[in-house]
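Undergrad: Structure in structure tokens, see below.
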Amino acid sequence: MKIEPKGTKRALLLIGSGMVLLFYSCSPRFSNIALPIKEVQEFSFSGASALEDRWWTSFEDEDLNQLIDSALQSNFDLAATWQQFVAAKAIVSRAASNKWPQIEASAQTAVNFPENDFTGGENTQLGLSATYELDLWGRIRTAVQAEKFRAEASLFDYRTAAISLTAEIATTWYQLQAAKKQLKITETQITTNEDIIKLIRSRFVGGQIRAVDILRQAQLLESTKEQQIIFSTNVRLLENQLAVLLGNQPQTDMEFTAVDLPQLQSLPETGLPLELVRRRPDVQQSYALLLAADRDMAAAVRSKYPRISVSGRGQLRANNFANLFENWAYSIAGNILAPLFYGKQLSAEVDRSEAVKQQRLYEYGQATLEAFQDVENGLVRDMMQKERLENIARQLELSEKSNKQLRVEFLNGFSPYLDVLLGLDQEQQLRRDYVAAQSQQIQIRIGLYRALAGGFDTGRNIDY
């Protein structure tokens with residue numbers, strides 16, 4: 001047994017300890033990344049009802065629930081965004097493979113003519129070769145981390161697309177219901193205007209009304225028919241749009257049942273602004289891209305350090321297959337590649353990656369501000385639209401009362417028919433305006449839900 005001197009053991013211990021300290025001192029660390037917004041303030045308003053992850057269920061519309069469930073599986077844009085995430089995961093696996101030895105097998109054979117002229121050398125070879133880089137400075141690990149964050153950003157992009165799709169379907173669905181309701185109102189108004197024309201024509205024969213009043217009433221009838229054409233067109237276009245969102249051809253005859261416009265619940269609870277930052281996938285995507293840029297910068301810094309790698313190669317060589325396993329050779333080598341002069345190429349890459357990181361930081365701050373703005377705008381518009389709808393309802397009520405009074409006065413000969421005609425036109429327009437305001441209020445509420453929404457299960461296996 002060989003006994004080593006104590007000094008040798010002490011030296012080996014110091015060298016080993018130094019390598020461990022060097023490894024951890026050079027291992028990649030995250031920079032201090034904080035939200036570039038000072039003193040985040042609370043939202044101006046907030047409701048009391050909690051918002052579910054599947055926010056559209058708050059409308060209590062089973063038809064809408066079925067449409068969204070179907071679209072999450074059949075919409076082509078959403079499926080394409082999912083494949084972007086799948087590709088990003090594959091890039092992570094590709095980058096992570098650099099942490100393992102790269103092993104290759106080779107085979108070679110040759111036939112020489114004339115065979116007697118072939119002397120020396122081998123014309124049949126089998127071999128294995130392996131190379132492995134020691135990631136002492138963490139260059140490879142930081143590169144893998146960067147790809148992981150980019151894959152996370154791709155996943156958040158998919159979740160954002162899913163939320164956008166649900167909002168678009170809900171908006172289109174209730175626009176379709178509003179258009180159908182408008183169409184039904186105009187059909188009723190056409191019938192009313194035709195009945196009035198018959199009435200005033202009978203009074204014209206008796207000399208109780210002027211011919212110009214008949215013409216004015218006919219003009220109102222044609223104007224109402226124009227509205228019927230507009231709403232009929234809107235119904236067809238919205239049905240086509242909904243079919244495409246569901247992954248179907250627009251020319252396919254799909255039956256969409258008519259439902260009443262929903263009664264909206266109270267305002268949802270907004271929570272704290274920082275909770276919104278952690279919940280919204282588009283803001284999370286921006287933050288993931290920021291972290292990826294930070295890892296890219298770390299990898300660029302570590303590219304300036306020496307690279308240490310080991311390689312090995314073994315071969316079987318012979319003049320024929322019978323003697324192949326009689327001769328073999330192997331080699332083991334260690335390599336150190338230290339960058340000395342690259343014309344500031346590596347320093348320029350560090351500067352570039354640092355600038356990209358700062359860019360991502362500002363984009364993260366802007367995405368956060370825009371998320372706050374979406375919520376604030378949604379709250380303001382929701383409350384203002386509610387007041388506007390109440391105002392239109394009061395106008396409609398007053399218009400109905402005044403028209404009843406004008407008809408009585410006209411029949412008693414106290415008011416000209418022009419007053420009746422103007423009042424009727426105004427009342428019919430207010431009825432259409434009220435439905436349009438209802439539809440707009442629903443769209444505003446959908447926008448508010450969209451601004452507050454977080455991720456939800458889409459039915460696809462994340463496995464990440």
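By order in the structure tokens, chains are A, B, ...; within a chain, residues start at 1; ligands start at 1, following the order shown.
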Can you pull out every residue from stretch 140-344 of chain A that DSSP, working from the backbone, puts in strand (DSSP E), and format the result as a PyMOL selection string?
TA: chain A and resi 307-318+328-337
Undergrad: Show which residues sit within 8 Å of stretch 438-441 of chain A, as a PyMOL selection string. Count only C-alpha atoms, and ignore same-chain residues fewer than 2 positions away.
TA: chain A and resi 174-175+178+261+382+385-386+389+434-436+443-445
Undergrad: Can you pull out the residues contacting A:Lys304? Cut-off 12 Å, using only C-alpha atoms, and skip same-chain residues under 6 positions away; I want them as a PyMOL selection string.
TA: chain A and resi 137-139+297-298+337-342+344-350
Undergrad: Neighbours of stretch 234-247 of chain A within 7 Å (only C-alpha atoms; same-chain residues fewer than 2 positions away dropped), as a list in words?
TA: Ser70, Ala71, Ser74, Asn75, Phe76, Ile169, Thr172, Leu176, Ala179, Lys180, Ile230, Phe231, Ser232, Gln249 and Pro250 of chain A
Undergrad: So, counting only C-alpha atoms, which residue among A:Phe456, A:Tyr287, A:Tyr417, A:Tyr158 is closest to A:Ile209?
TA: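 That would be A:Tyr417, the residue with the smallest distance to A:Ile209.
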Undergrad: Excluding same-chain residues fewer than 3 positions from stretch 351-367 of chain A, what lies within 6 Å of it counting only C-alpha atoms, as number ranges by chain?
TA: A: 36, 283, 286-287, 290, 293-294, 297, 348, 370
Undergrad: Produce a file of the selected residues containing all heavy atoms, as a short mmCIF file (atom, residue, chain, number, x, y, z; two decimals), in the first residue's frame.
TA:
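Saved result, selection-v1.cif, follows:
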data_model
loop_
_atom_site.label_atom_id
_atom_site.label_comp_id
_atom_site.auth_asym_id
_atom_site.auth_seq_id
_atom_site.Cartn_x
_atom_site.Cartn_y
_atom_site.Cartn_z
N PRO A 36 -41.14 47.67 -12.84
CA PRO A 36 -40.64 49.05 -12.96
C PRO A 36 -41.74 50.09 -12.76
O PRO A 36 -41.83 51.06 -13.51
CB PRO A 36 -40.08 49.08 -14.38
CG PRO A 36 -40.92 48.12 -15.13
CD PRO A 36 -41.26 47.02 -14.16
N VAL A 283 -49.54 39.35 -19.13
CA VAL A 283 -48.52 39.97 -18.30
C VAL A 283 -47.50 38.92 -17.86
O VAL A 283 -46.29 39.20 -17.82
CB VAL A 283 -49.16 40.64 -17.07
CG1 VAL A 283 -48.10 41.31 -16.20
CG2 VAL A 283 -50.18 41.70 -17.50
N SER A 286 -45.07 38.45 -20.66
CA SER A 286 -44.08 39.50 -20.73
C SER A 286 -42.99 39.31 -19.68
O SER A 286 -41.80 39.52 -19.94
CB SER A 286 -44.76 40.87 -20.53
OG SER A 286 -43.83 41.92 -20.63
N TYR A 287 -43.37 38.86 -18.47
CA TYR A 287 -42.39 38.62 -17.42
C TYR A 287 -41.49 37.43 -17.76
O TYR A 287 -40.29 37.46 -17.49
CB TYR A 287 -43.11 38.39 -16.09
CG TYR A 287 -42.17 38.22 -14.91
CD1 TYR A 287 -41.35 39.27 -14.51
CD2 TYR A 287 -42.10 37.03 -14.22
CE1 TYR A 287 -40.48 39.14 -13.43
CE2 TYR A 287 -41.24 36.88 -13.15
CZ TYR A 287 -40.43 37.93 -12.75
OH TYR A 287 -39.57 37.79 -11.70
N LEU A 290 -38.89 38.50 -20.06
CA LEU A 290 -37.88 39.27 -19.33
C LEU A 290 -36.88 38.34 -18.66
O LEU A 290 -35.67 38.56 -18.72
CB LEU A 290 -38.57 40.17 -18.30
CG LEU A 290 -37.66 40.89 -17.29
CD1 LEU A 290 -36.65 41.78 -18.00
CD2 LEU A 290 -38.50 41.70 -16.31
N ALA A 293 -34.58 36.87 -21.21
CA ALA A 293 -33.54 37.82 -21.61
C ALA A 293 -32.45 37.93 -20.55
O ALA A 293 -31.26 38.09 -20.87
CB ALA A 293 -34.18 39.19 -21.86
N ASP A 294 -32.83 37.84 -19.28
CA ASP A 294 -31.84 37.86 -18.21
C ASP A 294 -30.91 36.65 -18.30
O ASP A 294 -29.69 36.76 -18.12
CB ASP A 294 -32.56 37.86 -16.86
CG ASP A 294 -31.58 37.85 -15.69
OD1 ASP A 294 -31.00 38.91 -15.40
OD2 ASP A 294 -31.40 36.78 -15.07
N MET A 297 -28.49 37.08 -21.16
CA MET A 297 -27.38 37.95 -20.81
C MET A 297 -26.35 37.20 -19.97
O MET A 297 -25.13 37.34 -20.16
CB MET A 297 -27.89 39.17 -20.04
CG MET A 297 -26.81 40.22 -19.77
SD MET A 297 -27.41 41.61 -18.78
CE MET A 297 -27.57 40.81 -17.19
N ALA A 348 -19.61 42.72 -27.36
CA ALA A 348 -20.76 43.29 -28.07
C ALA A 348 -22.01 42.44 -27.84
O ALA A 348 -23.13 42.98 -27.71
CB ALA A 348 -20.46 43.39 -29.56
N GLU A 370 -50.96 48.65 -19.12
CA GLU A 370 -52.10 48.44 -20.02
C GLU A 370 -53.11 47.49 -19.39
O GLU A 370 -54.33 47.63 -19.61
CB GLU A 370 -51.61 47.89 -21.36
CG GLU A 370 -50.84 48.93 -22.18
CD GLU A 370 -50.28 48.36 -23.46
OE1 GLU A 370 -50.46 47.15 -23.71
OE2 GLU A 370 -49.66 49.12 -24.24
#
Undergrad: Within 10 Å of stretch 377-381 of chain A, counting only C-alpha atoms, which residues show up once you throw out same-chain ones fewer than 4 positions away? Write them as a ChimeraX atom specification, please.
TA: /A:43-47,267-268,270,371-373,385-387,440-441,444-452
